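*Asks:* File entry_16.cif follows (mmCIF, C-alpha atoms and all ligand atoms):
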data_entry
loop_
_atom_site.label_atom_id
_atom_site.label_comp_id
_atom_site.auth_asym_id
_atom_site.auth_seq_id
_atom_site.Cartn_x
_atom_site.Cartn_y
_atom_site.Cartn_z
CA MET A 12 63.63 4.07 -10.59
CA LYS A 13 61.96 0.70 -10.81
CA ILE A 14 63.34 -1.58 -8.11
CA GLY A 15 62.32 -5.22 -7.86
CA VAL A 16 61.92 -6.84 -4.46
CA LEU A 17 62.10 -10.62 -4.52
CA ALA A 18 58.76 -11.59 -3.00
CA VAL A 19 58.81 -15.39 -2.82
CA GLN A 20 59.22 -15.33 0.97
CA GLY A 21 60.50 -13.18 3.83
CA ASN A 22 60.18 -9.51 4.67
CA PHE A 23 59.87 -7.95 1.23
CA ARG A 24 57.09 -5.55 2.28
CA GLU A 25 59.39 -3.57 4.59
CA HIS A 26 61.93 -3.16 1.80
CA ALA A 27 59.21 -2.02 -0.59
CA ALA A 28 57.99 0.54 1.97
CA MET A 29 61.52 1.88 2.47
CA LEU A 30 62.12 2.15 -1.28
CA ARG A 31 58.81 3.94 -1.79
CA ARG A 32 59.70 6.35 0.98
CA LEU A 33 62.93 7.18 -0.87
CA GLY A 34 61.05 7.95 -4.08
CA ALA A 35 61.72 4.68 -5.93
CA ASP A 36 59.04 2.51 -7.49
CA PRO A 37 59.14 -0.98 -5.88
CA VAL A 38 57.87 -4.00 -7.80
CA GLU A 39 57.23 -7.40 -6.19
CA VAL A 40 59.10 -10.07 -8.15
CA ARG A 41 57.72 -13.63 -8.26
CA LYS A 42 58.59 -14.69 -11.80
CA PRO A 43 61.65 -14.37 -14.05
CA GLU A 44 59.93 -12.03 -16.56
CA SER A 45 59.48 -9.40 -13.87
CA LEU A 46 63.25 -8.84 -13.87
CA ASP A 47 63.34 -7.63 -17.47
CA ASP A 48 62.88 -3.90 -17.06
CA LEU A 49 64.17 -3.31 -13.53
CA ASP A 50 66.83 -0.77 -12.57
CA GLY A 51 67.79 -2.71 -9.43
CA LEU A 52 66.83 -5.69 -7.28
CA VAL A 53 66.51 -6.35 -3.54
CA ILE A 54 66.76 -9.86 -2.06
CA PRO A 55 65.28 -9.57 1.46
CA GLY A 56 65.75 -11.54 4.65
CA GLY A 57 63.81 -14.69 5.35
CA GLU A 58 65.00 -18.28 5.21
CA SER A 59 67.75 -18.89 2.70
CA THR A 60 66.99 -22.60 2.19
CA THR A 61 63.38 -21.75 1.38
CA PHE A 62 64.53 -18.92 -0.87
CA MET A 63 66.81 -21.18 -2.86
CA ARG A 64 64.14 -23.86 -3.19
CA LEU A 65 61.46 -21.44 -4.38
CA MET A 66 63.84 -19.56 -6.65
CA ARG A 67 64.83 -22.81 -8.36
CA LEU A 68 61.19 -23.82 -8.65
CA TYR A 69 60.25 -20.58 -10.44
CA GLY A 70 63.46 -20.26 -12.47
CA LEU A 71 64.37 -17.16 -10.50
CA ASP A 72 67.87 -18.43 -9.66
CA GLU A 73 68.87 -18.31 -13.36
CA ALA A 74 67.06 -14.99 -13.85
CA VAL A 75 68.89 -13.39 -10.90
CA ARG A 76 72.23 -14.76 -12.21
CA GLU A 77 71.51 -13.11 -15.57
CA PHE A 78 70.31 -9.82 -14.07
CA THR A 79 72.88 -7.10 -14.82
CA GLY A 80 71.71 -4.28 -12.53
CA PRO A 81 72.61 -3.46 -8.92
CA VAL A 82 71.47 -5.92 -6.25
CA LEU A 83 70.98 -5.41 -2.50
CA GLY A 84 70.88 -8.60 -0.41
CA THR A 85 70.02 -8.50 3.28
CA CYS A 86 70.43 -11.35 5.76
CA ALA A 87 69.11 -14.45 3.95
CA GLY A 88 69.51 -12.34 0.79
CA MET A 89 73.22 -12.10 1.58
CA ILE A 90 73.45 -15.89 1.93
CA VAL A 91 71.69 -16.39 -1.40
CA LEU A 92 74.35 -14.23 -3.13
CA ASP A 93 77.44 -15.80 -1.47
CA ARG A 94 80.05 -18.20 -2.91
CA ARG A 95 78.13 -21.32 -1.98
CA HIS A 96 74.81 -20.23 -3.52
CA LEU A 97 74.48 -17.90 -6.54
CA GLY A 98 78.20 -17.04 -6.40
CA ALA A 99 77.64 -13.34 -7.03
CA VAL A 100 79.63 -12.02 -4.06
CA ASP A 101 83.02 -13.46 -3.10
CA ILE A 102 82.31 -14.09 0.59
CA GLU A 103 82.18 -17.19 2.76
CA VAL A 104 79.19 -17.03 5.10
CA ASP A 105 78.12 -19.10 8.11
CA ARG A 106 74.38 -19.28 8.63
CA ASN A 107 72.93 -18.67 12.11
CA ALA A 108 76.46 -18.34 13.43
CA TYR A 109 75.79 -15.95 16.29
CA GLY A 110 75.16 -18.16 19.34
CA ARG A 111 71.68 -19.04 20.43
CA GLN A 112 71.37 -16.47 23.20
CA VAL A 113 72.40 -13.60 20.99
CA ALA A 114 70.73 -14.99 17.91
CA SER A 115 68.88 -11.69 17.60
CA PHE A 116 70.33 -8.38 18.77
CA GLU A 117 70.81 -4.73 17.89
CA ALA A 118 74.11 -2.89 17.68
CA ASP A 119 75.56 0.43 16.56
CA LEU A 120 77.76 -0.11 13.53
CA ALA A 121 80.65 2.00 12.33
CA LEU A 122 79.80 3.01 8.78
CA ALA A 123 82.64 3.81 6.37
CA GLY A 124 82.75 7.48 5.42
CA ASP A 125 80.11 8.52 7.97
CA ASP A 126 80.54 9.75 11.56
CA GLU A 127 77.03 8.76 12.55
CA PRO A 128 76.80 5.07 13.62
CA LEU A 129 74.27 2.89 11.87
CA ARG A 130 71.77 0.90 13.96
CA GLY A 131 71.88 -2.73 12.91
CA VAL A 132 69.07 -5.19 13.66
CA PHE A 133 70.42 -8.74 13.51
CA ILE A 134 67.93 -11.61 13.38
CA ARG A 135 69.51 -15.08 13.34
CA ALA A 136 72.07 -13.38 11.21
CA PRO A 137 74.73 -14.92 9.01
CA ARG A 138 78.37 -14.27 9.92
CA VAL A 139 80.91 -13.42 7.26
CA ARG A 140 83.97 -15.69 7.67
CA GLU A 141 86.01 -14.83 4.62
CA VAL A 142 86.09 -11.90 2.24
CA GLY A 143 87.58 -11.98 -1.28
CA SER A 144 90.01 -9.29 -2.47
CA GLU A 145 87.41 -7.54 -4.65
CA VAL A 146 85.06 -7.02 -1.72
CA GLU A 147 84.93 -3.71 0.12
CA VAL A 148 83.82 -3.62 3.78
CA LEU A 149 81.37 -0.75 4.44
CA ALA A 150 80.49 -1.50 8.07
CA GLU A 151 81.71 -3.75 10.85
CA HIS A 152 80.40 -5.14 14.13
CA ASP A 153 83.04 -6.25 16.67
CA GLY A 154 85.67 -6.17 13.96
CA GLU A 155 83.69 -8.41 11.62
CA PRO A 156 82.23 -7.22 8.32
CA VAL A 157 78.43 -6.82 8.28
CA LEU A 158 77.91 -4.53 5.29
CA LEU A 159 79.91 -5.17 2.13
CA ARG A 160 80.09 -4.15 -1.47
CA GLN A 161 81.47 -5.89 -4.51
CA GLY A 162 80.88 -3.92 -7.71
CA ARG A 163 77.12 -3.64 -8.23
CA PHE A 164 76.31 -5.85 -5.22
CA ILE A 165 75.70 -4.62 -1.67
CA VAL A 166 75.08 -7.20 1.06
CA ALA A 167 74.18 -6.77 4.74
CA SER A 168 73.96 -9.43 7.43
CA PHE A 169 71.44 -7.23 9.29
CA HIS A 170 68.05 -5.72 8.45
CA PRO A 171 68.30 -2.07 7.29
CA GLU A 172 64.62 -2.19 6.26
CA LEU A 173 63.54 -2.56 9.91
CA THR A 174 64.83 0.80 11.19
CA ASP A 175 64.09 4.40 10.22
CA ASP A 176 67.68 4.83 9.08
CA THR A 177 67.61 4.99 5.30
CA ARG A 178 71.35 5.12 4.63
CA VAL A 179 71.85 1.57 3.33
CA HIS A 180 68.97 1.94 0.87
CA ASP A 181 70.24 5.45 0.01
CA ARG A 182 73.63 3.98 -0.95
CA PHE A 183 71.97 1.26 -2.93
CA LEU A 184 69.82 3.75 -4.87
CA GLU A 185 72.93 5.86 -5.49
CA LEU A 186 74.54 2.77 -7.01
CA VAL A 187 71.42 2.23 -9.14
CA ARG A 188 71.68 5.83 -10.39
CA GLU A 189 75.39 5.46 -11.18
CA GLU A 190 75.00 2.11 -12.94
CA GLY A 191 72.01 3.45 -14.87
CA HIS A 192 74.24 6.17 -16.34
CA VAL A 193 76.95 3.64 -17.17
CA ARG A 194 74.50 1.28 -18.86
CA ALA A 195 72.52 4.00 -20.68
N1 LIG A 201 68.69 -17.54 9.54
C1 LIG A 201 68.24 -17.25 8.21
C2 LIG A 201 68.93 -18.12 7.17
O1 LIG A 201 69.80 -18.84 7.51
C3 LIG A 201 68.46 -15.79 7.89
C4 LIG A 201 67.69 -14.95 8.86
C5 LIG A 201 67.15 -13.70 8.26
O2 LIG A 201 67.11 -13.49 7.05
N2 LIG A 201 66.65 -12.87 9.13
O3 LIG A 201 68.59 -18.09 6.04
#
Once you've parsed the file, please lay out its structure as structure tokens.
*Replies:*
Amino acid sequence: MKIGVLAVQGNFREHAAMLRRLGADPVEVRKPESLDDLDGLVIPGGESTTFMRLMRLYGLDEAVREFTGPVLGTCAGMIVLDRRHLGAVDIEVDRNAYGRQVASFEADLALAGDDEPLRGVFIRAPRVREVGSEVEVLAEHDGEPVLLRQGRFIVASFHPELTDDTRVHDRFLELVREEGHVRA
């Protein structure tokens, strides 16, 4: 499975390492052409304003809009995919909306369909304020959604690439496998 990791900014290396560990073949994406033969795409954390600026500069915003495979967006990657940016996932997100003191924290998250809690690392994380009817909540923190899925999109407000827990990437790769069969 060839999985692109958007590598214009942010922590794309950790995602690539995680994907490699799970047997996928990660590819660093810096130009639109690199999206052509990918089975899936990861948009990592970083700074969403910088992401949007660089993506526009390289024509990657259009390319990502046209990409038809599964996409995993984490933290800033979630913001990039929301209603106000690329409009791929029907969620309303507030940037840096956890107060200053708790801007970065870790928490155990209840994961849908799994008894084992998921450790979430939140770094100046976005907060999901509104969720459209097509969006499924996969994990919550304090009653608020932090891991969501809409069709071929999975978004997390935390950083699954920074722990040893592979379950978010596992689910994403499962989605890539399923979609691959549908598209084939
Ligand atoms: N605070 C960043 C933003 O608003 C996101 C932080 C992150 O990706 N770790 O884009």
*Asks:* Contacts of His26 in chain A at 9 Å or less, counting all atoms listed in the file, minus same-chain residues fewer than 6 places along, as a PyMOL selection string?
*Replies:* chain A and resi 16+37+53+55+171-173+180
*Asks:* Counting only C-alpha atoms, figure out which residue out of A:Thr85, A:Ser115, A:Asn107, A:Ser144 gets nearest to Phe169 in chain A.
*Replies:*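 Among the listed residues, the smallest separation from Phe169 in chain A belongs to A:Thr85.
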*Asks:* Could you build a table of the residues in chain A lying no more than 8 Å from ligand LIG 201 (chain A), giving for each the nearest pair of atoms and their separation in Å rounded to one decimal place, using only C-alpha atoms and all ligand atoms, ordered by chain and ascending residue number, as a tab-separated table?
*Replies:*
residue	atom	partner	partner_atom	distance
A:Gly21	CA	A:LIG201	O2	7.4
A:Pro55	CA	A:LIG201	O2	7.1
A:Gly56	CA	A:LIG201	O2	3.4
A:Gly57	CA	A:LIG201	O2	3.9
A:Glu58	CA	A:LIG201	O3	3.7
A:Ser59	CA	A:LIG201	O3	3.5
A:Thr60	CA	A:LIG201	O3	6.1
A:Thr61	CA	A:LIG201	O3	7.9
A:Thr85	CA	A:LIG201	O2	6.9
A:Cys86	CA	A:LIG201	O2	4.2
A:Ala87	CA	A:LIG201	O2	3.8
A:Gly88	CA	A:LIG201	O2	6.8
A:Ile90	CA	A:LIG201	O3	6.7
A:Arg106	CA	A:LIG201	O1	4.7
A:Asn107	CA	A:LIG201	N1	5.1
A:Phe133	CA	A:LIG201	N2	7.1
A:Ile134	CA	A:LIG201	N2	4.6
A:Arg135	CA	A:LIG201	N1	4.6
A:Ala136	CA	A:LIG201	C4	5.2
A:Pro137	CA	A:LIG201	C3	6.4
A:Ser168	CA	A:LIG201	O2	8.0
A:Phe169	CA	A:LIG201	N2	7.4
A:His170	CA	A:LIG201	N2	7.3
*Asks:* Please compute the CA of Ala118 in chain A-CA of Val166 in chain A distance, one decimal, in Å.
*Replies:*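 About the pair CA of Ala118 in chain A and CA of Val166 in chain A: they are 17.2 Å apart.
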*Asks:* Might you pull out every residue within 8 Å of Gly15 in chain A, with only C-alpha atoms counted and same-chain residues fewer than 4 positions away left off, and present them as a VMD selection string?
*Replies:* chain A and resid 37 to 40 45 to 46 49 to 53
*Asks:* Could you check the closest approach to Glu190 in chain A for each of A:Val82, A:Leu149, A:Leu17, A:Ala99 and tell me which residue wins, using all atoms listed in the file?
*Replies:* A:Val82
*Asks:* Would you list the contacts of Ala121 in chain A as a PyMOL selection string, taking every protein, DNA or RNA residue within 12 Å and counting only C-alpha atoms, but skipping same-chain residues closer than 2 positions in sequence?
*Replies:* chain A and resi 118-119+123-131+148-158
*Asks:* Using all atoms listed in the file, determine which residues lie at most 10 Å from range 92-96 of chain A, disregarding the query and same-chain residues fewer than 6 positions distant; provide the list as a PyMOL selection string.
*Replies:* chain A and resi 54+59-60+63+72+75-76+82-85+102-104+139+143+164-166
*Asks:* Between CA of Asp101 in chain A and CA of Asp36 in chain A, what is the distance, to one decimal in Å?
*Replies:*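 Computing the Euclidean distance for CA of Asp101 in chain A and CA of Asp36 in chain A yields 29.1 Å.
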*Asks:* Return the single residue from A:Arg24, A:Arg138, A:Lys42, A:Arg32 that is closest to Asp181 in chain A, with distances computed using all atoms listed in the file.
*Replies:*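 The closest residue to Asp181 in chain A is A:Arg32.
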